[in-house]
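Chemist: Supplied structure: target02.cif, mmCIF, C-alpha atoms.
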data_data
loop_
_atom_site.label_atom_id
_atom_site.label_comp_id
_atom_site.auth_asym_id
_atom_site.auth_seq_id
_atom_site.Cartn_x
_atom_site.Cartn_y
_atom_site.Cartn_z
CA MET A 21 0.00 0.00 0.00
CA MET A 22 1.46 3.30 -1.09
CA ASP A 23 1.42 6.37 1.13
CA LEU A 24 1.15 9.64 -0.73
CA ILE A 25 3.37 12.53 0.27
CA ALA A 26 1.39 15.68 0.86
CA GLY A 27 2.39 19.24 1.68
CA PRO A 28 -0.75 21.36 1.81
CA CYS A 29 -0.38 24.90 0.51
CA GLN A 30 3.41 24.59 0.27
CA ARG A 31 3.61 22.38 -2.84
CA GLU A 32 6.74 20.43 -2.05
CA PRO A 33 7.39 17.46 -4.39
CA LEU A 34 3.92 15.91 -4.34
CA ALA A 35 2.22 12.77 -5.43
CA GLU A 36 0.14 13.24 -8.55
CA PRO A 37 -2.38 11.04 -10.34
CA GLY A 38 -0.40 8.54 -12.43
CA ASP A 39 -2.32 9.56 -15.56
CA PRO A 40 -3.83 13.08 -15.25
CA ASP A 41 -5.33 12.83 -18.75
CA ALA A 42 -7.14 9.63 -17.83
CA CYS A 43 -8.54 11.26 -14.68
CA LEU A 44 -9.66 14.41 -16.50
CA ASN A 45 -11.29 12.56 -19.41
CA ALA A 46 -12.80 9.67 -17.45
CA PRO A 47 -16.59 9.46 -17.08
CA VAL A 48 -17.51 11.03 -13.75
CA GLY A 49 -20.11 9.60 -11.41
CA GLY A 50 -20.25 6.37 -13.42
CA GLU A 51 -19.32 2.82 -12.60
CA HIS A 52 -17.70 3.61 -9.24
CA ARG A 53 -20.83 5.22 -7.76
CA ALA A 54 -23.66 3.52 -5.93
CA THR A 55 -27.09 3.43 -7.55
CA GLY A 56 -30.67 3.19 -6.36
CA ALA A 57 -31.20 2.81 -2.62
CA ALA A 58 -27.45 2.75 -1.97
CA ALA A 59 -27.06 6.13 -3.68
CA ILE A 60 -29.85 7.62 -1.57
CA THR A 61 -28.24 6.24 1.57
CA ASP A 62 -24.87 7.72 0.57
CA ALA A 63 -26.46 11.13 -0.08
CA LEU A 64 -28.29 11.09 3.26
CA ALA A 65 -25.12 10.06 5.10
CA LYS A 66 -23.13 12.86 3.48
CA ARG A 67 -25.77 15.49 4.25
CA THR A 68 -26.04 14.23 7.84
CA ILE A 69 -22.28 14.56 8.29
CA ASP A 70 -22.42 18.05 6.78
CA VAL A 71 -25.19 19.32 9.06
CA ILE A 72 -24.01 17.72 12.30
CA GLY A 73 -20.32 18.41 11.58
CA SER A 74 -20.73 22.06 10.58
CA GLY A 75 -23.14 22.72 13.46
CA CYS A 76 -20.80 21.21 16.05
CA ILE A 77 -17.77 23.04 14.65
CA LEU A 78 -19.63 26.37 14.73
CA LEU A 79 -20.63 25.85 18.35
CA LEU A 80 -17.13 24.76 19.33
CA LEU A 81 -15.37 27.63 17.55
CA ALA A 82 -17.95 30.38 18.24
CA PRO A 83 -15.61 32.29 20.61
CA LEU A 84 -12.82 32.18 18.01
CA LEU A 85 -15.16 33.43 15.28
CA VAL A 86 -16.18 36.40 17.42
CA VAL A 87 -12.56 37.32 18.19
CA VAL A 88 -11.53 37.03 14.54
CA ALA A 89 -14.51 39.13 13.41
CA ILE A 90 -13.52 41.93 15.81
CA ALA A 91 -9.85 41.70 14.74
CA VAL A 92 -10.74 41.93 11.04
CA ARG A 93 -12.99 44.92 11.65
CA MET A 94 -10.34 46.80 13.65
CA SER A 95 -7.26 45.89 11.58
CA SER A 96 -8.26 47.37 8.22
CA PRO A 97 -11.12 49.27 6.57
CA GLY A 98 -13.86 47.20 5.05
CA PRO A 99 -16.49 44.64 5.98
CA VAL A 100 -15.78 41.70 8.28
CA LEU A 101 -17.04 39.14 5.80
CA PHE A 102 -16.03 38.72 2.17
CA ARG A 103 -18.67 37.48 -0.25
CA GLN A 104 -18.03 36.30 -3.78
CA ALA A 105 -19.94 34.51 -6.53
CA ARG A 106 -18.79 30.88 -6.76
CA TYR A 107 -19.79 27.84 -8.79
CA GLY A 108 -21.91 25.32 -6.91
CA GLN A 109 -23.34 21.93 -7.80
CA GLY A 110 -24.57 21.78 -11.38
CA GLY A 111 -22.86 25.08 -12.16
CA ARG A 112 -25.36 27.00 -10.01
CA ILE A 113 -23.98 30.30 -8.71
CA PHE A 114 -24.04 30.97 -4.98
CA SER A 115 -22.48 33.56 -2.66
CA ILE A 116 -19.62 32.18 -0.57
CA CYS A 117 -18.87 33.63 2.86
CA LYS A 118 -15.33 34.07 4.25
CA PHE A 119 -13.48 36.37 6.63
CA ARG A 120 -12.02 39.26 4.64
CA THR A 121 -8.24 38.94 4.23
CA MET A 122 -7.58 41.64 1.60
CA VAL A 123 -8.25 45.34 1.18
CA GLY A 124 -10.28 46.90 -1.60
CA PRO A 125 -11.61 45.38 -4.81
CA SER A 126 -9.15 44.42 -7.52
CA PRO A 127 -8.61 47.19 -10.10
CA HIS A 128 -8.20 44.56 -12.84
CA PRO A 129 -11.29 42.73 -14.17
CA SER A 130 -9.26 39.59 -15.05
CA ALA A 131 -7.33 39.49 -11.77
CA ILE A 132 -9.40 36.72 -10.16
CA GLY A 133 -6.77 34.13 -9.33
CA ASP A 134 -3.84 36.49 -10.04
CA PRO A 135 -1.18 35.79 -7.34
CA HIS A 136 0.42 39.22 -7.74
CA ASP A 137 -2.89 41.03 -7.25
CA HIS A 138 -3.70 38.93 -4.18
CA GLU A 139 -0.28 39.46 -2.61
CA ALA A 140 -0.49 43.21 -3.08
CA ARG A 141 -3.87 43.45 -1.32
CA LEU A 142 -3.34 40.86 1.45
CA THR A 143 -3.43 42.29 4.97
CA PRO A 144 -1.01 41.20 7.75
CA LEU A 145 -3.90 39.67 9.68
CA GLY A 146 -5.19 38.07 6.50
CA ARG A 147 -1.85 36.34 6.00
CA ILE A 148 -2.18 34.69 9.43
CA LEU A 149 -5.82 33.74 8.86
CA ARG A 150 -4.97 32.11 5.54
CA ARG A 151 -2.03 30.18 6.97
CA TYR A 152 -4.33 28.41 9.43
CA CYS A 153 -7.34 28.46 7.06
CA ILE A 154 -9.32 30.41 9.67
CA ASP A 155 -10.66 32.69 6.94
CA GLU A 156 -12.53 29.68 5.55
CA LEU A 157 -14.57 29.01 8.72
CA PRO A 158 -17.62 31.18 7.78
CA GLN A 159 -18.17 28.74 4.91
CA LEU A 160 -19.70 26.50 7.58
CA PHE A 161 -22.83 28.63 7.14
CA ASN A 162 -22.76 27.79 3.41
CA VAL A 163 -22.59 24.11 4.38
CA LEU A 164 -25.59 24.44 6.70
CA ALA A 165 -27.50 26.23 3.94
CA GLY A 166 -26.83 23.34 1.56
CA ASP A 167 -24.74 25.30 -0.95
CA MET A 168 -21.56 23.46 0.04
CA SER A 169 -20.38 20.26 1.68
CA LEU A 170 -17.62 19.78 4.23
CA VAL A 171 -15.74 17.72 1.62
CA GLY A 172 -15.67 18.21 -2.15
CA PRO A 173 -13.88 20.10 -4.91
CA ARG A 174 -13.00 23.65 -3.93
CA ALA A 175 -15.63 26.26 -4.88
CA HIS A 176 -14.06 28.25 -7.70
CA PRO A 177 -14.87 31.93 -8.25
CA VAL A 178 -16.87 32.76 -11.34
CA GLY A 179 -14.38 34.10 -13.88
CA LEU A 180 -11.31 32.39 -12.39
CA HIS A 181 -8.17 32.83 -14.51
CA VAL A 182 -4.86 31.01 -14.65
CA LEU A 183 -2.12 33.30 -15.96
CA GLU A 184 -4.86 35.50 -17.49
CA VAL A 185 -6.43 32.53 -19.30
CA PRO A 186 -9.93 31.37 -18.22
CA TYR A 187 -9.67 28.19 -16.17
CA GLU A 188 -12.10 26.31 -18.45
CA ASP A 189 -9.82 27.03 -21.41
CA VAL A 190 -6.79 25.63 -19.58
CA VAL A 191 -8.32 22.35 -18.42
CA PRO A 192 -10.50 20.04 -20.55
CA ASN A 193 -13.82 18.93 -19.04
CA TYR A 194 -13.48 21.62 -16.39
CA HIS A 195 -17.16 21.51 -15.43
CA HIS A 196 -16.93 17.82 -14.43
CA ARG A 197 -16.02 19.14 -10.99
CA HIS A 198 -19.47 20.72 -10.64
CA ILE A 199 -21.27 17.36 -10.58
CA VAL A 200 -21.06 17.41 -6.77
CA LYS A 201 -21.31 20.17 -4.18
CA PRO A 202 -18.10 22.12 -3.60
CA GLY A 203 -16.40 21.50 -0.28
CA MET A 204 -14.46 23.33 2.41
CA THR A 205 -11.74 20.72 2.04
CA GLY A 206 -11.06 17.93 -0.39
CA LEU A 207 -8.55 15.52 -1.88
CA ALA A 208 -6.82 18.18 -3.98
CA GLN A 209 -6.35 20.43 -0.95
CA VAL A 210 -4.81 17.80 1.33
CA MET A 211 -2.52 16.73 -1.51
CA GLY A 212 -1.10 20.26 -1.56
CA PHE A 213 -3.04 21.79 -4.44
CA CYS A 214 -4.75 24.68 -2.69
CA GLY A 215 -4.44 28.43 -2.62
CA ILE A 216 -3.57 30.49 -5.67
CA VAL A 217 -3.39 28.59 -8.97
CA ASP A 218 -0.19 30.00 -10.45
CA SER A 219 0.58 27.57 -13.29
CA PHE A 220 -1.13 25.37 -15.87
CA GLU A 221 0.47 22.32 -14.22
CA HIS A 222 -1.11 23.21 -10.89
CA ALA A 223 -4.51 23.83 -12.49
CA ARG A 224 -4.57 20.55 -14.39
CA THR A 225 -3.31 18.31 -11.58
CA ARG A 226 -5.64 19.98 -9.11
CA LEU A 227 -8.63 19.17 -11.29
CA ALA A 228 -7.37 15.60 -11.78
CA TYR A 229 -7.57 15.13 -8.01
CA ASP A 230 -11.07 16.67 -7.98
CA VAL A 231 -12.23 14.16 -10.57
CA LEU A 232 -10.52 11.31 -8.73
CA TYR A 233 -12.44 12.25 -5.58
CA ILE A 234 -15.75 12.44 -7.47
CA GLN A 235 -15.20 8.99 -8.99
CA PHE A 236 -14.35 7.22 -5.73
CA ARG A 237 -15.95 9.36 -3.00
CA ASN A 238 -17.33 7.55 0.01
CA THR A 239 -18.21 8.27 3.65
CA TYR A 240 -14.96 6.88 5.05
CA LEU A 241 -12.88 9.03 2.70
CA ASP A 242 -14.89 12.13 3.68
CA ILE A 243 -14.38 11.51 7.41
CA ALA A 244 -10.66 10.91 6.89
CA LEU A 245 -10.26 14.13 4.87
CA ILE A 246 -12.10 16.16 7.53
CA GLY A 247 -9.89 14.75 10.29
CA PHE A 248 -6.69 15.24 8.31
CA THR A 249 -7.62 18.83 7.45
CA GLY A 250 -8.35 19.73 11.07
CA TRP A 251 -5.06 18.25 12.24
CA ARG A 252 -2.89 19.61 9.46
CA PHE A 253 -4.24 23.10 8.93
CA LEU A 254 -5.92 24.22 12.15
CA LEU A 255 -3.45 22.55 14.55
CA ARG A 256 -0.21 22.74 12.57
CA GLY A 257 -0.77 25.64 10.21
CA GLY A 258 0.05 23.47 7.19
CA ARG A 259 3.66 23.03 8.33
CA GLY A 260 5.82 19.98 7.76
CA ALA A 261 5.45 16.98 5.48
CA SER A 262 2.69 14.49 6.17
CA THR A 263 1.14 11.49 4.49
CA PHE A 264 -2.46 10.93 3.51
CA PRO A 265 -3.07 7.27 2.54
CA THR A 266 -5.46 7.90 -0.34
CA GLN A 267 -5.43 4.32 -1.60
CA TRP A 268 -6.81 3.03 1.70
CA PHE A 269 -10.12 4.63 0.74
CA LEU A 270 -10.27 3.74 -2.97
CA PRO A 271 -12.10 0.52 -3.94
CA LYS A 272 -10.33 -2.45 -5.47
CA GLN A 273 -10.64 -2.88 -9.21
CA PRO A 274 -12.51 -5.93 -10.58
CA ASP A 275 -9.22 -7.73 -11.25
CA GLY A 276 -8.04 -7.07 -7.68
CA ALA A 277 -5.63 -4.30 -8.67
CA GLU A 278 -5.67 -0.92 -6.93
CA PRO A 279 -6.32 2.33 -8.77
CA GLN A 280 -2.89 3.50 -9.84
CA ILE A 281 -1.56 6.66 -8.26
CA ALA A 282 2.15 7.23 -8.64
CA SER A 283 4.60 9.87 -7.47
CA LEU A 284 5.60 11.63 -10.65
CA SER A 285 7.22 14.88 -11.60
CA ALA A 286 4.83 17.49 -12.93
CA PRO A 287 3.88 16.66 -16.54
CA THR A 288 4.08 19.19 -19.34
CA PHE A 289 0.75 20.68 -20.30
CA SER A 290 1.67 23.40 -22.79
CA ALA A 291 -0.13 21.69 -25.67
CA VAL A 292 -3.27 21.17 -23.63
CA ALA A 293 -3.13 24.65 -22.14
CA THR A 294 -3.34 26.24 -25.58
CA ARG A 295 -6.48 24.34 -26.54
CA SER A 296 -9.85 25.96 -25.88
CA PRO A 297 -13.31 24.36 -26.10
CA GLY A 298 -14.13 26.33 -29.22
CA GLY A 299 -11.05 25.11 -31.04
CA ILE A 300 -9.35 28.50 -30.78
CA THR A 301 -5.68 28.22 -29.91
CA ARG A 302 -4.02 30.48 -27.40
CA PRO A 303 -0.28 31.13 -27.20
CA ALA A 304 1.55 28.82 -24.78
CA TYR A 305 2.71 30.55 -21.60
#
Would you mind writing the structure in this file as structure tokens?
Modeler:
Amino acid sequence: MMDLIAGPCQREPLAEPGDPDACLNAPVGGEHRATGAAAITDALAKRTIDVIGSGCILLLLAPLLVVVAIAVRMSSPGPVLFRQARYGQGGRIFSICKFRTMVGPSPHPSAIGDPHDHEARLTPLGRILRRYCIDELPQLFNVLAGDMSLVGPRAHPVGLHVLEVPYEDVVPNYHHRHIVKPGMTGLAQVMGFCGIVDSFEHARTRLAYDVLYIQFRNTYLDIALIGFTGWRFLLRGGRGASTFPTQWFLPKQPDGAEPQIASLSAPTFSAVATRSPGGITRPAY
């Protein structure tokens, strides 16, 4: 059994899907998913975990949320909470809720996802909140409302760009990730692909992990990802190398083999990155 090396938000040498193209182009929600009564049971179990988990976390961390809200309000001008249009399940748009970590709106219309724009507007307090993912905690209200889940692909902003190229033009089958509800944490995040998307390689591998999660998601994997996220981010601030045994939670293949995930160097995606859904080519970056 292979342990996968993970370094959340610090992107050390990381494990990547053995065949990103296969993950991105594979049918999603197909043969690996339960059907009928089993599917209903899975959905009810996931929603139960979301409601009970988010409610308990909110009650437990209520004093921290109050302190952070006061600190954000006093540290810089602007509202306490940051709201932004994000893609939800089925491509539905919803308003995500986070603690504000930056000042002012971006002056550039295509700056969503621009690391330079984010760095220039990030506040000192915001830097600390992001390190421990405390800015994400108000999303628990989105989970209670049913717009999000505790575990799933990260909710992307509408109009997200990678190096000034729309995300959906960089990655084929981008909207596969919208088959399920977005999550506060997920497989891509614990494998180190979180934060600003600053390269085509990061964008493509991140989506490959999203699709891998959608194909093989189950209750045990969700619980493990929640526990790992709490330990790694909230208690350790994302520091140090850790392992997340992904293959423990993936089902065996019919022939008894395990789904192949290998530790590889980042593949080259320049040819893919220049291909858009409409057949229009963009210059490679």
Chemist: Evaluate the PyMOL selection byres ((chain A and resi 73) around 12) on the structure here and hand back the selected residues as a list in words.
Modeler: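 Expected selection for the PyMOL selection byres ((chain A and resi 73) around 12) here is Ala65, Lys66, Arg67, Thr68, Ile69, Asp70, Val71, Ile72, Ser74, Gly75, Cys76, Ile77, Leu78, Leu79, Leu80, Leu160, Phe161, Val163, Leu164, Ser169, Leu170, Val171, Met204, Asp242, Ile243, Ile246 and Gly247 of chain A.
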Chemist: Do you have the CA of Leu157 in chain A-CA of Ile199 in chain A distance handy?
Modeler: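 Spanning CA of Leu157 in chain A to CA of Ile199 in chain A is a straight-line distance of 23.5 Å.
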Chemist: What's the separation between CA of Ala140 in chain A and CA of Arg226 in chain A, in Å to one decimal place?
Modeler: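 About the pair CA of Ala140 in chain A and CA of Arg226 in chain A: they are 24.5 Å apart.
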Chemist: In Å, rounded to a single decimal, give me how far CA of Arg151 in chain A is from CA of Pro83 in chain A.
Modeler: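 Straight-line distance from CA of Pro83 in chain A to CA of Arg151 in chain A works out to 19.4 Å.
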Chemist: Could you check which of A:His196, A:Ile154, A:Ile148, A:Gly111 is closest to Val86 in chain A, using only C-alpha atoms?
Modeler: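 Distance minimum relative to Val86 in chain A lands on A:Ile154.
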Chemist: Can you list what the PyMOL selection byres ((chain A and resi 194) around 10) grabs from this structure, as a PyMOL selection string?
Modeler: chain A and resi 44-45+187-193+195-198+224+227-228+231
Chemist: List the neighbours of Ser96 in chain A out to 9 Å using all atoms listed in the file; skip same-chain residues closer than 5 positions along the sequence, and give me the result as a PyMOL selection string.
Modeler: chain A and resi 91+122-123+143+145
Chemist: For the residues selected in the previous step, produce a file with C-alpha atoms as an mmCIF file, in the frame of the given file.
Modeler:
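Saved file result-v8.cif follows:
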data_model
loop_
_atom_site.group_PDB
_atom_site.id
_atom_site.type_symbol
_atom_site.label_atom_id
_atom_site.label_comp_id
_atom_site.auth_asym_id
_atom_site.auth_seq_id
_atom_site.Cartn_x
_atom_site.Cartn_y
_atom_site.Cartn_z
ATOM 1 C CA ALA A 91 -9.850 41.700 14.740
ATOM 2 C CA MET A 122 -7.580 41.640 1.600
ATOM 3 C CA VAL A 123 -8.250 45.340 1.180
ATOM 4 C CA THR A 143 -3.430 42.290 4.970
ATOM 5 C CA LEU A 145 -3.900 39.670 9.680
#
Chemist: Around (-26.5, 25.2, -8.5), as given in the file, which residues come within 12 Å? Count only C-alpha atoms and list them as JSON, numbers by chain.
Modeler: {"A": [105, 106, 107, 108, 109, 110, 111, 112, 113, 114, 115, 166, 167, 168, 175, 198, 199, 200, 201, 202]}
Chemist: For the structure shown, which residues end up in the PyMOL selection byres ((chain A and resi 237-240) around 10)? Put them as a list in words, please?
Modeler: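 Applied to this file, the PyMOL selection byres ((chain A and resi 237-240) around 10) selects Gly49, His52, Arg53, Ala54, Asp62, Ala63, Ala65, Lys66, Ile69, Val171, Gly172, Leu207, Val231, Leu232, Tyr233, Ile234, Gln235, Phe236, Leu241, Asp242, Ile243, Ala244, Leu245, Trp268, Phe269, Leu270 and Pro271 of chain A.
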Chemist: For a quick check of understanding, using all atoms listed in the file, which of A:Met94, A:Asp230, A:His176, A:Arg252 has the smallest distance to Ile216 in chain A?
Modeler: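 Using all atoms listed in the file, the shortest distance to Ile216 in chain A belongs to A:His176.
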Chemist: Of the candidates A:Thr249, A:Val87, A:Ala57, A:Phe264, which shows the shortest atom-to-atom distance to Cys153 in chain A, using only C-alpha atoms?
Modeler: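 So, comparing all the options, the nearest one is A:Thr249.
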Chemist: Taking into account all atoms listed in the file, which residue in the set A:Thr205, A:Arg120, A:Ala223, A:Arg147 is nearest to Pro186 in chain A?
Modeler: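 That would be A:Ala223, the residue with the smallest distance to Pro186 in chain A.
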Chemist: Can you save range 199-220 of chain A of the given block to a file, including N, CA, C and O atoms and formatted as an mmCIF file, in the first residue's frame?
Modeler:
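That gives us result19.cif:
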data_model
loop_
_atom_site.group_PDB
_atom_site.id
_atom_site.type_symbol
_atom_site.label_atom_id
_atom_site.label_comp_id
_atom_site.auth_asym_id
_atom_site.auth_seq_id
_atom_site.Cartn_x
_atom_site.Cartn_y
_atom_site.Cartn_z
ATOM 1 N N ILE A 199 -20.265 18.408 -10.730
ATOM 2 C CA ILE A 199 -21.272 17.361 -10.575
ATOM 3 C C ILE A 199 -21.694 17.225 -9.119
ATOM 4 O O ILE A 199 -22.828 16.883 -8.813
ATOM 5 N N VAL A 200 -20.773 17.505 -8.200
ATOM 6 C CA VAL A 200 -21.063 17.406 -6.769
ATOM 7 C C VAL A 200 -20.968 18.792 -6.143
ATOM 8 O O VAL A 200 -20.490 19.742 -6.757
ATOM 9 N N LYS A 201 -21.425 18.902 -4.890
ATOM 10 C CA LYS A 201 -21.306 20.170 -4.179
ATOM 11 C C LYS A 201 -19.835 20.484 -3.917
ATOM 12 O O LYS A 201 -19.040 19.587 -3.637
ATOM 13 N N PRO A 202 -19.463 21.749 -3.986
ATOM 14 C CA PRO A 202 -18.097 22.122 -3.596
ATOM 15 C C PRO A 202 -17.907 21.928 -2.101
ATOM 16 O O PRO A 202 -18.882 21.916 -1.338
ATOM 17 N N GLY A 203 -16.660 21.766 -1.686
ATOM 18 C CA GLY A 203 -16.396 21.496 -0.277
ATOM 19 C C GLY A 203 -15.423 22.482 0.342
ATOM 20 O O GLY A 203 -14.677 23.179 -0.345
ATOM 21 N N MET A 204 -15.422 22.518 1.677
ATOM 22 C CA MET A 204 -14.463 23.334 2.406
ATOM 23 C C MET A 204 -13.073 22.732 2.325
ATOM 24 O O MET A 204 -12.062 23.438 2.358
ATOM 25 N N THR A 205 -13.009 21.409 2.242
ATOM 26 C CA THR A 205 -11.739 20.721 2.043
ATOM 27 C C THR A 205 -11.981 19.595 1.060
ATOM 28 O O THR A 205 -13.125 19.292 0.711
ATOM 29 N N GLY A 206 -10.914 18.988 0.587
ATOM 30 C CA GLY A 206 -11.057 17.925 -0.391
ATOM 31 C C GLY A 206 -9.728 17.250 -0.672
ATOM 32 O O GLY A 206 -8.695 17.604 -0.095
ATOM 33 N N LEU A 207 -9.757 16.294 -1.568
ATOM 34 C CA LEU A 207 -8.553 15.523 -1.879
ATOM 35 C C LEU A 207 -7.458 16.399 -2.469
ATOM 36 O O LEU A 207 -6.284 16.268 -2.122
ATOM 37 N N ALA A 208 -7.826 17.313 -3.378
ATOM 38 C CA ALA A 208 -6.817 18.180 -3.984
ATOM 39 C C ALA A 208 -6.142 19.054 -2.927
ATOM 40 O O ALA A 208 -4.924 19.251 -2.958
ATOM 41 N N GLN A 209 -6.922 19.559 -1.970
ATOM 42 C CA GLN A 209 -6.353 20.432 -0.947
ATOM 43 C C GLN A 209 -5.355 19.699 -0.060
ATOM 44 O O GLN A 209 -4.262 20.200 0.201
ATOM 45 N N VAL A 210 -5.722 18.503 0.419
ATOM 46 C CA VAL A 210 -4.811 17.805 1.326
ATOM 47 C C VAL A 210 -3.586 17.274 0.594
ATOM 48 O O VAL A 210 -2.548 17.016 1.209
ATOM 49 N N MET A 211 -3.676 17.142 -0.735
ATOM 50 C CA MET A 211 -2.516 16.732 -1.508
ATOM 51 C C MET A 211 -1.633 17.919 -1.883
ATOM 52 O O MET A 211 -0.668 17.769 -2.628
ATOM 53 N N GLY A 212 -1.961 19.102 -1.384
ATOM 54 C CA GLY A 212 -1.096 20.257 -1.561
ATOM 55 C C GLY A 212 -1.530 21.228 -2.630
ATOM 56 O O GLY A 212 -0.905 22.270 -2.809
ATOM 57 N N PHE A 213 -2.618 20.929 -3.350
ATOM 58 C CA PHE A 213 -3.044 21.792 -4.441
ATOM 59 C C PHE A 213 -4.179 22.697 -3.963
ATOM 60 O O PHE A 213 -5.355 22.460 -4.241
ATOM 61 N N CYS A 214 -3.782 23.727 -3.209
ATOM 62 C CA CYS A 214 -4.749 24.682 -2.689
ATOM 63 C C CYS A 214 -4.142 26.069 -2.808
ATOM 64 O O CYS A 214 -2.987 26.225 -3.190
ATOM 65 N N GLY A 215 -4.943 27.071 -2.504
ATOM 66 C CA GLY A 215 -4.435 28.433 -2.616
ATOM 67 C C GLY A 215 -4.462 28.924 -4.051
ATOM 68 O O GLY A 215 -5.233 28.449 -4.886
ATOM 69 N N ILE A 216 -3.612 29.885 -4.339
ATOM 70 C CA ILE A 216 -3.567 30.493 -5.670
ATOM 71 C C ILE A 216 -3.102 29.480 -6.707
ATOM 72 O O ILE A 216 -2.130 28.759 -6.504
ATOM 73 N N VAL A 217 -3.804 29.437 -7.843
ATOM 74 C CA VAL A 217 -3.394 28.586 -8.966
ATOM 75 C C VAL A 217 -2.473 29.419 -9.845
ATOM 76 O O VAL A 217 -2.916 30.314 -10.559
ATOM 77 N N ASP A 218 -1.167 29.139 -9.784
ATOM 78 C CA ASP A 218 -0.190 30.002 -10.447
ATOM 79 C C ASP A 218 0.496 29.358 -11.641
ATOM 80 O O ASP A 218 1.489 29.876 -12.147
ATOM 81 N N SER A 219 -0.010 28.207 -12.110
ATOM 82 C CA SER A 219 0.577 27.575 -13.290
ATOM 83 C C SER A 219 -0.445 26.640 -13.911
ATOM 84 O O SER A 219 -1.382 26.183 -13.244
ATOM 85 N N PHE A 220 -0.255 26.324 -15.202
ATOM 86 C CA PHE A 220 -1.134 25.374 -15.867
ATOM 87 C C PHE A 220 -0.991 23.982 -15.255
ATOM 88 O O PHE A 220 -1.955 23.224 -15.165
#
